[in-house]
Every structure is written in structure tokens, then in C-alpha cells.
>>> print(open('model19.cif').read())   # mmCIF, C-alpha atoms
data_coords
#
loop_
_atom_site.label_atom_id
_atom_site.label_comp_id
_atom_site.auth_asym_id
_atom_site.auth_seq_id
_atom_site.Cartn_x
_atom_site.Cartn_y
_atom_site.Cartn_z
CA MET A 16 125.95 129.78 78.71
CA VAL A 17 127.29 126.39 77.67
CA GLY A 18 130.62 126.14 79.39
CA LEU A 19 133.18 123.51 80.22
CA ASP A 20 131.08 122.18 83.07
CA ALA A 21 128.21 121.38 80.71
CA ILE A 22 130.55 119.49 78.37
CA ALA A 23 131.97 117.58 81.33
CA LEU A 24 128.49 116.80 82.62
CA VAL A 25 127.20 115.55 79.28
CA GLY A 26 130.37 113.51 78.70
CA MET A 27 130.13 111.96 82.13
CA GLY A 28 126.47 111.18 81.61
CA SER A 29 127.17 109.53 78.25
CA VAL A 30 129.93 107.32 79.61
CA LEU A 31 127.86 106.36 82.65
CA GLY A 32 124.85 105.68 80.45
CA ALA A 33 126.92 103.47 78.13
CA GLY A 34 128.20 101.50 81.10
CA ILE A 35 124.71 101.04 82.55
CA ALA A 36 123.33 100.05 79.14
CA VAL A 37 125.93 97.34 78.63
CA GLY A 38 125.52 96.12 82.19
CA MET A 39 121.75 95.89 81.86
CA GLY A 40 122.13 94.22 78.47
CA GLY A 41 124.21 91.58 80.19
CA LEU A 42 121.04 90.53 82.03
CA ALA A 43 119.94 88.94 78.75
CA ALA A 44 122.59 86.30 79.44
CA LEU A 45 120.40 85.06 82.32
CA GLY A 46 117.56 84.40 79.92
CA GLU A 47 119.86 82.76 77.40
CA GLY A 48 121.29 80.53 80.09
CA GLN A 49 117.79 79.44 81.04
CA ALA A 50 116.95 78.72 77.40
CA ALA A 51 120.13 76.69 76.87
CA LYS A 52 119.56 74.77 80.10
CA GLN A 53 116.02 73.79 79.18
CA ALA A 54 117.02 72.91 75.62
CA LEU A 55 119.86 70.66 76.84
CA ALA A 56 117.57 68.98 79.36
CA SER A 57 114.95 68.22 76.73
CA MET A 58 117.60 67.05 74.23
CA VAL A 59 118.86 64.55 76.79
CA ALA A 60 115.33 63.48 77.66
CA GLN A 61 114.27 63.02 74.03
CA PRO A 62 117.26 62.55 71.70
CA ASP A 63 114.92 61.94 68.74
CA MET A 64 113.74 65.53 68.90
CA ALA A 65 117.27 66.95 69.30
CA ASN A 66 117.45 68.53 65.84
CA GLU A 67 114.11 70.26 66.15
CA VAL A 68 114.89 71.48 69.66
CA ARG A 69 118.26 72.79 68.50
CA SER A 70 116.89 74.86 65.63
CA THR A 71 114.09 76.27 67.78
CA MET A 72 116.65 77.07 70.48
CA PHE A 73 118.83 78.98 68.00
CA VAL A 74 115.89 81.10 66.87
CA SER A 75 114.74 81.89 70.40
CA MET A 76 118.33 82.59 71.47
CA ALA A 77 118.60 85.15 68.70
CA MET A 78 115.32 86.71 69.80
CA ILE A 79 116.57 86.99 73.40
CA GLU A 80 119.95 88.24 72.29
CA SER A 81 118.41 91.08 70.30
CA THR A 82 117.65 92.92 73.58
CA ALA A 83 121.34 92.72 74.48
CA ILE A 84 122.21 93.92 70.98
CA TYR A 85 119.89 96.92 71.40
CA SER A 86 121.67 97.97 74.59
CA LEU A 87 125.05 97.44 72.92
CA LEU A 88 123.94 99.70 70.05
CA VAL A 89 122.76 102.37 72.49
CA ALA A 90 126.12 102.19 74.28
CA MET A 91 127.99 102.46 70.95
CA ILE A 92 125.96 105.50 69.94
CA LEU A 93 126.53 107.13 73.34
CA LEU A 94 130.28 106.54 73.12
CA PHE A 95 131.17 107.09 69.47
CA SER A 96 128.52 109.22 67.78
CA ASN A 97 126.56 110.91 70.54
CA PRO A 98 124.19 113.50 69.02
CA ILE A 99 123.64 115.36 72.31
CA PHE A 100 127.37 115.64 72.97
CA ASN A 101 127.96 116.97 69.44
CA LYS A 102 125.19 119.52 69.95
CA VAL A 103 126.65 120.70 73.27
CA ILE A 104 130.12 121.11 71.73
CA GLU A 105 128.57 123.07 68.86
CA LEU A 106 126.78 125.38 71.32
CA ALA A 107 129.98 125.81 73.34
CA ALA A 108 131.90 126.77 70.21
CA GLN A 109 129.31 129.45 69.43
CA ALA A 110 129.40 130.95 72.93
CA MET B 44 135.63 105.43 64.95
CA ASN B 45 133.97 104.06 61.82
CA LEU B 46 130.68 102.58 62.91
CA SER B 47 129.48 101.85 59.40
CA PRO B 48 130.91 101.22 55.93
CA ASP B 49 128.56 103.99 54.76
CA GLN B 50 131.10 106.52 56.02
CA VAL B 51 133.86 105.38 53.66
CA ILE B 52 133.06 107.22 50.43
CA PHE B 53 134.99 106.44 47.26
CA TRP B 54 133.31 108.78 44.86
CA THR B 55 130.59 111.40 45.17
CA GLU B 56 128.45 113.07 42.55
CA LYS B 57 125.80 115.78 42.80
CA PHE B 58 122.95 115.76 40.32
CA SER B 59 119.54 117.38 40.05
CA LEU B 60 116.35 115.54 39.18
CA PHE B 61 112.90 117.17 38.88
CA GLY B 62 114.35 120.42 40.23
CA ARG B 63 115.74 118.85 43.40
CA GLU B 64 119.35 118.29 44.38
CA PHE B 65 120.51 114.77 45.10
CA THR B 66 123.90 113.43 46.13
CA PHE B 67 125.08 110.02 45.03
CA ASN B 68 127.76 108.50 47.24
CA LEU B 69 129.65 105.44 46.09
CA ASN B 70 130.43 104.11 49.54
CA MET B 71 131.91 100.88 50.82
CA THR B 72 128.47 99.36 51.40
CA LEU B 73 127.76 99.47 47.67
CA VAL B 74 131.22 98.27 46.66
CA GLY B 75 131.12 95.51 49.25
CA THR B 76 127.67 94.40 48.09
CA TRP B 77 128.90 94.24 44.51
CA LEU B 78 131.93 92.23 45.56
CA VAL B 79 129.77 89.76 47.50
CA MET B 80 127.37 89.49 44.56
CA LEU B 81 130.29 88.87 42.22
CA LEU B 82 131.67 86.20 44.55
CA ILE B 83 128.32 84.39 44.75
CA PHE B 84 127.75 84.70 40.99
CA LEU B 85 131.20 83.44 40.01
CA GLY B 86 131.05 80.63 42.54
CA CYS B 87 127.67 79.42 41.30
CA TYR B 88 128.64 79.92 37.65
CA PHE B 89 131.79 77.83 37.79
CA ALA B 90 130.24 75.23 40.09
CA THR B 91 127.39 74.59 37.68
CA ARG B 92 129.54 74.40 34.51
CA ARG B 93 129.88 70.62 34.46
CA LEU B 94 126.74 69.31 36.08
CA HIS B 95 126.43 65.57 36.20
CA ASP B 96 123.66 63.23 37.31
CA GLY B 97 125.73 60.06 37.46
CA LEU B 98 127.22 58.35 40.49
CA THR B 99 130.35 60.50 40.56
CA ILE B 100 129.80 64.23 40.85
CA ASN B 101 132.49 66.81 41.39
CA ARG B 102 133.00 68.38 44.79
CA TRP B 103 131.47 71.77 43.97
CA GLN B 104 128.27 70.22 42.72
CA ASN B 105 128.18 68.09 45.86
CA PHE B 106 128.62 71.20 48.02
CA LEU B 107 125.84 73.14 46.28
CA GLU B 108 123.48 70.16 46.30
CA THR B 109 124.04 69.74 50.05
CA ILE B 110 123.23 73.40 50.71
CA VAL B 111 120.17 73.48 48.47
CA SER B 112 118.66 70.23 49.77
CA TRP B 113 119.29 71.21 53.39
CA LEU B 114 117.67 74.63 52.89
CA LYS B 115 114.73 73.13 51.04
CA ASN B 116 114.21 70.63 53.83
CA GLU B 117 114.25 73.40 56.45
CA VAL B 118 111.80 75.55 54.51
CA GLU B 119 109.38 72.70 53.86
CA ASN B 120 109.49 71.56 57.49
CA ALA B 121 108.57 75.06 58.62
CA LEU B 122 105.84 75.45 56.02
CA GLN B 123 104.32 71.96 56.32
CA ARG B 124 103.59 72.03 52.58
CA LYS B 125 105.49 72.10 49.29
CA ALA B 126 107.58 75.24 49.11
CA ASN B 127 108.52 75.84 45.48
CA PHE B 128 107.10 79.37 45.47
CA ILE B 129 108.81 80.58 48.65
CA PHE B 130 112.13 78.78 48.42
CA PRO B 131 114.00 81.17 46.05
CA ILE B 132 113.57 84.29 48.20
CA ILE B 133 114.58 82.55 51.45
CA ALA B 134 117.54 80.83 49.79
CA SER B 135 118.85 84.03 48.21
CA LEU B 136 118.52 85.93 51.49
CA PHE B 137 120.39 83.16 53.29
CA VAL B 138 123.19 82.86 50.74
CA PHE B 139 123.73 86.62 50.50
CA VAL B 140 123.81 87.18 54.27
CA PHE B 141 125.97 84.07 54.77
CA VAL B 142 128.64 85.03 52.22
CA SER B 143 128.59 88.65 53.32
CA ASN B 144 129.02 87.79 57.02
CA LEU B 145 131.84 85.36 56.33
CA SER B 146 133.60 87.78 53.96
CA GLY B 147 134.41 89.90 57.01
CA VAL B 148 137.41 87.67 57.78
CA ILE B 149 139.18 88.74 54.56
CA PRO B 150 141.48 91.67 55.38
CA LEU B 151 140.91 93.51 52.11
CA PRO B 152 142.43 97.03 51.90
CA PHE B 153 140.78 99.73 49.78
CA TYR B 154 142.38 102.92 48.52
CA VAL B 155 140.04 105.88 49.04
CA PRO B 156 140.89 108.58 46.45
CA LEU B 157 138.75 111.29 48.11
CA THR B 158 140.74 111.33 51.33
CA GLY B 159 143.93 109.81 49.96
CA ASP B 160 144.33 107.06 52.56
CA TRP B 161 143.43 103.43 53.02
CA ALA B 162 140.35 101.80 54.48
CA VAL B 163 139.70 98.24 55.59
CA TYR B 164 136.91 96.19 54.11
CA ILE B 165 133.79 95.97 56.31
CA PRO B 166 131.15 93.42 55.25
CA PRO B 167 128.03 95.08 53.77
CA THR B 168 125.76 93.46 56.37
CA GLY B 169 127.62 95.59 58.94
CA SER B 170 125.79 98.59 57.48
CA PHE B 171 122.32 99.55 58.60
CA SER B 172 121.31 100.47 55.03
CA THR B 173 121.86 96.91 53.77
CA THR B 174 120.00 95.22 56.60
CA ILE B 175 117.10 97.69 56.34
CA GLY B 176 116.97 96.96 52.60
CA LEU B 177 116.91 93.20 53.14
CA THR B 178 114.22 93.63 55.81
CA LEU B 179 112.12 95.73 53.43
CA VAL B 180 112.27 92.86 50.95
CA VAL B 181 110.95 90.50 53.63
CA MET B 182 108.30 92.94 54.84
CA LEU B 183 107.10 93.40 51.24
CA ALA B 184 107.06 89.66 50.65
CA VAL B 185 104.80 89.04 53.66
CA PRO B 186 101.71 90.88 52.31
CA LEU B 187 102.48 89.88 48.70
CA PHE B 188 102.47 86.14 49.45
CA GLY B 189 99.59 86.55 51.90
CA VAL B 190 97.40 88.44 49.41
CA ALA B 191 98.31 86.06 46.60
CA ARG B 192 97.14 83.12 48.66
CA ASN B 193 94.23 84.38 50.77
CA GLY B 194 92.98 87.39 48.80
CA PHE B 195 93.08 90.98 50.04
CA LEU B 196 90.38 90.76 52.73
CA GLY B 197 91.51 87.30 53.78
CA TYR B 198 94.99 88.67 54.38
CA LEU B 199 93.76 91.72 56.32
CA LYS B 200 91.66 89.44 58.51
CA ARG B 201 94.70 88.23 60.38
CA TYR B 202 95.20 91.68 61.91
CA ILE B 203 91.91 91.38 63.80
CA GLU B 204 92.51 87.73 64.54
CA PRO B 205 91.47 86.90 68.07
CA GLN B 206 89.59 90.18 68.59
CA TRP B 207 89.30 93.47 66.69
CA ILE B 208 90.51 95.30 69.80
CA LEU B 209 93.97 93.81 69.25
CA LEU B 210 94.36 95.58 65.87
CA PRO B 211 96.91 98.23 67.03
CA PHE B 212 98.97 95.61 68.84
CA ASN B 213 99.06 93.41 65.77
CA ILE B 214 100.27 96.35 63.67
CA ILE B 215 102.92 97.30 66.26
CA GLY B 216 104.02 93.68 66.38
CA GLU B 217 104.46 93.61 62.62
CA ILE B 218 106.57 96.80 62.59
CA SER B 219 108.71 95.89 65.60
CA GLY B 220 109.35 92.47 64.11
CA GLY B 221 110.78 94.09 60.99
CA VAL B 222 112.85 96.62 62.92
CA SER B 223 114.31 93.97 65.21
CA LEU B 224 115.13 91.80 62.19
CA ALA B 225 117.20 94.64 60.73
CA ILE B 226 118.83 95.77 63.97
CA ARG B 227 119.77 92.23 65.05
CA LEU B 228 121.81 91.50 61.95
CA TYR B 229 123.38 94.98 61.85
CA GLY B 230 124.21 94.98 65.57
CA ASN B 231 125.83 91.56 65.51
CA ILE B 232 128.09 92.18 62.52
CA MET B 233 128.91 95.79 63.42
CA SER B 234 129.77 94.90 67.02
CA GLY B 235 132.09 92.16 65.72
CA THR B 236 134.06 94.59 63.56
CA VAL B 237 134.14 97.30 66.25
CA ILE B 238 135.32 94.87 68.93
CA ILE B 239 138.13 93.71 66.65
CA ALA B 240 139.09 97.34 65.97
CA ILE B 241 139.20 98.07 69.72
CA LEU B 242 141.17 94.90 70.47
CA LEU B 243 143.71 95.77 67.76
CA SER B 244 144.70 98.81 69.81
CA LEU B 245 144.74 96.91 73.14
CA ALA B 246 146.18 93.46 72.34
CA PRO B 247 147.16 93.36 68.67
CA VAL B 248 148.99 90.04 68.55
CA PHE B 249 146.75 87.02 69.08
CA ILE B 250 143.40 87.99 70.62
CA PRO B 251 141.76 89.56 67.50
CA THR B 252 142.14 86.22 65.67
CA VAL B 253 140.16 84.46 68.37
CA MET B 254 137.45 87.12 68.21
CA GLN B 255 137.36 86.78 64.42
CA LEU B 256 136.83 83.03 64.81
CA PHE B 257 133.95 83.82 67.13
CA GLY B 258 132.69 86.35 64.58
CA MET B 259 132.57 83.61 61.93
CA LEU B 260 130.40 81.51 64.25
CA THR B 261 127.99 84.39 64.92
CA GLY B 262 127.98 85.22 61.21
CA VAL B 263 126.80 81.73 60.26
CA ILE B 264 124.21 81.63 63.05
CA GLN B 265 122.91 85.10 62.18
CA ALA B 266 122.52 84.17 58.51
CA TYR B 267 120.51 81.12 59.58
CA ILE B 268 118.44 83.20 62.00
CA PHE B 269 117.73 85.89 59.42
CA ALA B 270 116.49 83.36 56.88
CA THR B 271 114.48 81.47 59.50
CA LEU B 272 112.80 84.59 60.86
CA ALA B 273 112.00 85.82 57.34
CA LEU B 274 110.43 82.42 56.72
CA VAL B 275 108.49 82.60 60.00
CA TYR B 276 107.08 86.04 59.13
CA ILE B 277 106.09 84.93 55.63
CA VAL B 278 104.48 81.76 56.99
CA ALA B 279 102.53 83.83 59.53
CA GLY B 280 101.23 85.95 56.64
CA LEU B 281 100.24 82.84 54.67
CA GLY B 282 98.16 81.22 57.39
CA ASP B 283 97.57 77.52 57.95
CA PRO B 284 97.96 75.08 55.05
CA SER B 285 94.70 73.84 53.53
CA ALA B 286 93.66 70.21 53.89
CA LYS B 287 94.71 69.40 50.32
CA GLU B 288 98.18 70.90 50.70
CA LYS B 289 98.62 69.14 54.02
CA LYS B 290 97.67 65.80 52.49
CA GLU B 291 100.12 66.27 49.59
CA TRP B 292 102.90 67.19 51.99
CA GLU B 293 102.25 64.19 54.25
CA GLU B 294 102.24 61.89 51.23
CA GLU B 295 105.55 63.29 50.06
CA SER B 296 107.27 63.11 53.45
CA ARG B 297 106.09 59.51 53.77
CA LEU B 298 107.70 58.72 50.41
CA LYS B 299 110.87 60.52 51.49
CA SER B 300 111.15 58.55 54.72
CA LEU B 301 110.63 55.31 52.76
CA GLU B 302 113.50 56.26 50.46
CA SER B 303 116.01 56.89 53.20
#
>>> encode(input="model19.cif", output="C-alpha cells")
Amino acid sequence: MVGLDAIALVGMGSVLGAGIAVGMGGLAALGEGQAAKQALASMVAQPDMANEVRSTMFVSMAMIESTAIYSLLVAMILLFSNPIFNKVIELAAQA
Amino acid sequence: MNLSPDQVIFWTEKFSLFGREFTFNLNMTLVGTWLVMLLIFLGCYFATRRLHDGLTINRWQNFLETIVSWLKNEVENALQRKANFIFPIIASLFVFVFVSNLSGVIPLPFYVPLTGDWAVYIPPTGSFSTTIGLTLVVMLAVPLFGVARNGFLGYLKRYIEPQWILLPFNIIGEISGGVSLAIRLYGNIMSGTVIIAILLSLAPVFIPTVMQLFGMLTGVIQAYIFATLALVYIVAGLGDPSAKEKKEWEEESRLKSLES
């Protein structure tokens, strides 16, 4: 039942999914760029507050970046330790 | 591909407890954690051997004093009150994550007797088990500090804060905050090591060094972020400072600004 075509299909889907995940995760860079831009603008406008702005910016950057990290993790799992792919290979070995 | 230092197992032992079978694996996460602990302990031990309160202090004491006073300043600014009770947990989280992240640049080889070949050291924060453990510490500290300060009902009140209808969202927010805290640290450190491993097979001469430099930068920032977010969660559980604490804090910061 589970033949070569199924393995090929699941493999193709995993690789495509990993690519899409990383690409979509790259969208987080837009948000980070916005955050950095605003932080720089306010640092220039009010140099007294620069330290406070910088530490708040780091924290919010990390928050924004965590979405990108999630998609990177999903891509890593799809590529290197894909549970569905392992299951399909197991089924193919039985058949 | 090794995604986690959990998969490098040095020694394994089966034992039964209360009629159930358990397996104990001595993996690289444990060994790495012990090494980092040893490094921190030895560093602090030898740095605090000859403490001095005169005008000339040695460079290690200077280094430690800088770190401690900087951290204390950060914590107290975030809390807006004196922070003696909360400072030790935040400082130990920061120092452990910091040293562990930076230890990733040391190319330490390990001999694995079970498989008979060699494995490269991966920092323990690159393992999901470690970051989940650290996050559990934070997530336990939030209700503990909150209950100790506001009482049991006073702590639970913050879950129905603006309206009782928001109760499930507040609970989901609490859980997702913890999960993202763990995944952020793990993802950053793990992706650094995996990217270096991939680059070693593509361009092994110069490029991995640059990425490792970048990894040191992210390591420092992530340690700062982890400690800051832990602090933010604990502060959210504590609630606003009372009028008395606020007054004390303002008095002290006024004195501090007069000194400098």
C-alpha cells in the first residue's frame, strides 16, 4: 500500500514545507526592522532615554524574533527528524 | 544530524523503582551542565579568595563587582522597589545561561565509550530539557513570590483582572509565556550549532568562525533576554509596589543620584 510514490510525496512535502516555513519566518524581519527604526528615531530624539529605549528594544526584539525561531524549529524538525516521514518509511518496510 | 546534546549518551543504566522500569542516561546535557557549574563555581571561588575593600582591588573582584552591581541596578529599575529577595534567582539564571551560551565557542571533544567514537561539545542550553527545566524554575517562582506577597486569594485575583470572562485567556497567556521562554533560548542556541555544522560541510575554512562570533553575540543577548523576561513574569505576579515600598525606593534612588 505504501510504495515509493508515497515516500517521494511525503519527502517532497516536507522539504517544501520547510522552505515555506523559513520563508514565512523571514517576515518577522519586517517587524524587527520597524522596531529598530522606531527605537533609533526615539534615541536620536531623546538621547537621555537611550539606555531605557535600548533595553526595551532588546526585549521586544526577542519577543518578535521568537516567531521566526518557531518557524526555524518547524523547518528543522521537518528536515532532520520528521515523525511522519519516519512513520511512512516504517510502513513501507513492512509492506 | 544531532539536533540535541541529549542524543549523545555516555553511559546508560536500567533500574527498577516501585516495580517500574526506569532508564538513566548520562548524556551530554548533564555532563555539559556539570562542566558549566564547575566553571562558574571555580571562577567565583578563586575570584573571591582575596576580597578587599580598599582603593586597590584586584581585577577579578572588579569584574564580579561590575556584573553584580549592573544586574542589581537592572532588577531594581524593573521592580521599582528594593530587590534583595528576587535578586539571587535572576542573577543565577543570568550567570548560568550566559556562561553556558558562551561555552559553545570552546571546541571540546568528548570520547563516547558506548559508540566508540568522538562527539563535539554542545552547550547545555542547546538542549530542550535544560531550557524547559530553567523555565519551570521561573514558572514556579512566579506563584511562589506572588503568594508570599499578596496571599493566596490576592494572587489568584490577577487571573480575573479586568473581567472574569478573560480567565481562560489569562491562563493561556501564562502557559504560552513559559513555553515561548523555553523555546526561544533552545531555538537560538540550537540553530547556532546546527548552522555551524552545516557550514562546516559547505565552507569549512573561514565562514564558521564568523558565524561563531555572531553566535557569541546572540548568546549574550539571549542570556540577558531570558533573565529580563523571567524578571518581567515574576514582577507581573507580584503586582504593583505598595506606597511604602515606593517611597523607600525613591528615597534610595535619590541618595544614589546624589552620590554619583
>>> resolve_selection(input="model19.cif", expression="the PyMOL selection byres ((chain B) within 8 of (chain A))", output="number ranges by chain")
B: 44, 46, 223, 226-227, 230-231, 234, 264-265, 268, 271-272
>>> closest_residue(input="model19.cif", among="B:Leu69, B:Val142, B:Leu122, B:Ile175", to="Tyr229 of chain B", atoms="all atoms listed in the file")
B:Ile175
>>> atom_distance(input="model19.cif", atom1="atom CA of Ser135 of chain B", atom2="atom CA of Leu98 of chain B")
28.1 Å
>>> resolve_selection(input="model19.cif", expression="the PyMOL selection byres ((chain B and resi 150) around 12)", output="JSON list (two decimals) with C-alpha atoms, keeping the file's coordinate frame")
[["chain", "number", "residue", "atom", "x", "y", "z"],
["B", 145, "LEU", "CA", 131.84, 85.36, 56.33],
["B", 146, "SER", "CA", 133.60, 87.78, 53.96],
["B", 147, "GLY", "CA", 134.41, 89.90, 57.01],
["B", 148, "VAL", "CA", 137.41, 87.67, 57.78],
["B", 149, "ILE", "CA", 139.18, 88.74, 54.56],
["B", 151, "LEU", "CA", 140.91, 93.51, 52.11],
["B", 152, "PRO", "CA", 142.43, 97.03, 51.90],
["B", 153, "PHE", "CA", 140.78, 99.73, 49.78],
["B", 162, "ALA", "CA", 140.35, 101.80, 54.48],
["B", 163, "VAL", "CA", 139.70, 98.24, 55.59],
["B", 164, "TYR", "CA", 136.91, 96.19, 54.11],
["B", 165, "ILE", "CA", 133.79, 95.97, 56.31],
["B", 166, "PRO", "CA", 131.15, 93.42, 55.25],
["B", 236, "THR", "CA", 134.06, 94.59, 63.56],
["B", 239, "ILE", "CA", 138.13, 93.71, 66.65],
["B", 252, "THR", "CA", 142.14, 86.22, 65.67],
["B", 255, "GLN", "CA", 137.36, 86.78, 64.42]]
>>> closest_residue(input="model19.cif", among="A:Leu106, A:Ala90, A:Val68, A:Leu24", to="Val37 of chain A", atoms="only C-alpha atoms")
A:Ala90
>>> atom_distance(input="model19.cif", atom1="atom CA of Thr76 of chain B", atom2="atom CA of Leu114 of chain B")
22.7 Å
>>> closest_residue(input="model19.cif", among="B:Phe249, B:Trp292, B:Phe106, B:Phe141", to="Ala126 of chain B", atoms="only C-alpha atoms")
B:Trp292
>>> atom_distance(input="model19.cif", atom1="atom CA of Gly86 of chain B", atom2="atom CA of Asn66 of chain A")
29.6 Å
>>> decode(input="model19.cif", residues="segment 33-43 of chain A", atoms="all heavy atoms", output="PDB file, in the first residue's frame")
ATOM      1  N   ALA A  33       9.345  22.895   4.772  1.00  0.00           N
ATOM      2  CA  ALA A  33      10.465  23.536   5.469  1.00  0.00           C
ATOM      3  C   ALA A  33      10.812  24.853   4.788  1.00  0.00           C
ATOM      4  O   ALA A  33      11.022  25.878   5.449  1.00  0.00           O
ATOM      5  CB  ALA A  33      11.673  22.606   5.485  1.00  0.00           C
ATOM      6  N   GLY A  34      10.825  24.833   3.450  1.00  0.00           N
ATOM      7  CA  GLY A  34      11.141  26.063   2.722  1.00  0.00           C
ATOM      8  C   GLY A  34      10.121  27.144   3.003  1.00  0.00           C
ATOM      9  O   GLY A  34      10.468  28.300   3.282  1.00  0.00           O
ATOM     10  N   ILE A  35       8.837  26.778   2.966  1.00  0.00           N
ATOM     11  CA  ILE A  35       7.781  27.773   3.198  1.00  0.00           C
ATOM     12  C   ILE A  35       7.876  28.301   4.627  1.00  0.00           C
ATOM     13  O   ILE A  35       7.724  29.508   4.864  1.00  0.00           O
ATOM     14  CB  ILE A  35       6.401  27.148   2.923  1.00  0.00           C
ATOM     15  CG1 ILE A  35       6.252  26.873   1.427  1.00  0.00           C
ATOM     16  CG2 ILE A  35       5.297  28.082   3.376  1.00  0.00           C
ATOM     17  CD1 ILE A  35       5.006  26.087   1.073  1.00  0.00           C
ATOM     18  N   ALA A  36       8.166  27.398   5.584  1.00  0.00           N
ATOM     19  CA  ALA A  36       8.245  27.823   6.986  1.00  0.00           C
ATOM     20  C   ALA A  36       9.348  28.856   7.176  1.00  0.00           C
ATOM     21  O   ALA A  36       9.133  29.902   7.792  1.00  0.00           O
ATOM     22  CB  ALA A  36       8.483  26.616   7.894  1.00  0.00           C
ATOM     23  N   VAL A  37      10.532  28.570   6.596  1.00  0.00           N
ATOM     24  CA  VAL A  37      11.634  29.517   6.767  1.00  0.00           C
ATOM     25  C   VAL A  37      11.315  30.828   6.062  1.00  0.00           C
ATOM     26  O   VAL A  37      11.565  31.922   6.585  1.00  0.00           O
ATOM     27  CB  VAL A  37      12.958  28.912   6.251  1.00  0.00           C
ATOM     28  CG1 VAL A  37      14.027  29.960   6.166  1.00  0.00           C
ATOM     29  CG2 VAL A  37      13.396  27.817   7.186  1.00  0.00           C
ATOM     30  N   GLY A  38      10.706  30.735   4.872  1.00  0.00           N
ATOM     31  CA  GLY A  38      10.365  31.947   4.148  1.00  0.00           C
ATOM     32  C   GLY A  38       9.386  32.804   4.908  1.00  0.00           C
ATOM     33  O   GLY A  38       9.536  34.027   5.018  1.00  0.00           O
ATOM     34  N   MET A  39       8.351  32.165   5.468  1.00  0.00           N
ATOM     35  CA  MET A  39       7.362  32.913   6.240  1.00  0.00           C
ATOM     36  C   MET A  39       7.985  33.481   7.521  1.00  0.00           C
ATOM     37  O   MET A  39       7.644  34.579   7.939  1.00  0.00           O
ATOM     38  CB  MET A  39       6.184  32.003   6.604  1.00  0.00           C
ATOM     39  CG  MET A  39       5.300  31.679   5.435  1.00  0.00           C
ATOM     40  SD  MET A  39       4.349  33.114   4.964  1.00  0.00           S
ATOM     41  CE  MET A  39       3.503  32.497   3.548  1.00  0.00           C
ATOM     42  N   GLY A  40       8.906  32.680   8.117  1.00  0.00           N
ATOM     43  CA  GLY A  40       9.566  33.175   9.326  1.00  0.00           C
ATOM     44  C   GLY A  40      10.385  34.416   9.037  1.00  0.00           C
ATOM     45  O   GLY A  40      10.539  35.275   9.895  1.00  0.00           O
ATOM     46  N   GLY A  41      10.873  34.517   7.787  1.00  0.00           N
ATOM     47  CA  GLY A  41      11.634  35.699   7.417  1.00  0.00           C
ATOM     48  C   GLY A  41      10.804  36.969   7.484  1.00  0.00           C
ATOM     49  O   GLY A  41      11.348  38.065   7.586  1.00  0.00           O
ATOM     50  N   LEU A  42       9.471  36.827   7.436  1.00  0.00           N
ATOM     51  CA  LEU A  42       8.612  38.009   7.534  1.00  0.00           C
ATOM     52  C   LEU A  42       8.785  38.709   8.881  1.00  0.00           C
ATOM     53  O   LEU A  42       8.494  39.904   8.990  1.00  0.00           O
ATOM     54  CB  LEU A  42       7.146  37.609   7.352  1.00  0.00           C
ATOM     55  CG  LEU A  42       6.773  37.182   5.930  1.00  0.00           C
ATOM     56  CD1 LEU A  42       5.301  36.833   5.879  1.00  0.00           C
ATOM     57  CD2 LEU A  42       7.067  38.293   4.962  1.00  0.00           C
ATOM     58  N   ALA A  43       9.256  37.958   9.900  1.00  0.00           N
ATOM     59  CA  ALA A  43       9.474  38.582  11.195  1.00  0.00           C
ATOM     60  C   ALA A  43      10.514  39.684  11.100  1.00  0.00           C
ATOM     61  O   ALA A  43      10.502  40.627  11.898  1.00  0.00           O
ATOM     62  CB  ALA A  43       9.914  37.541  12.212  1.00  0.00           C
TER      63      ALA A  43
END
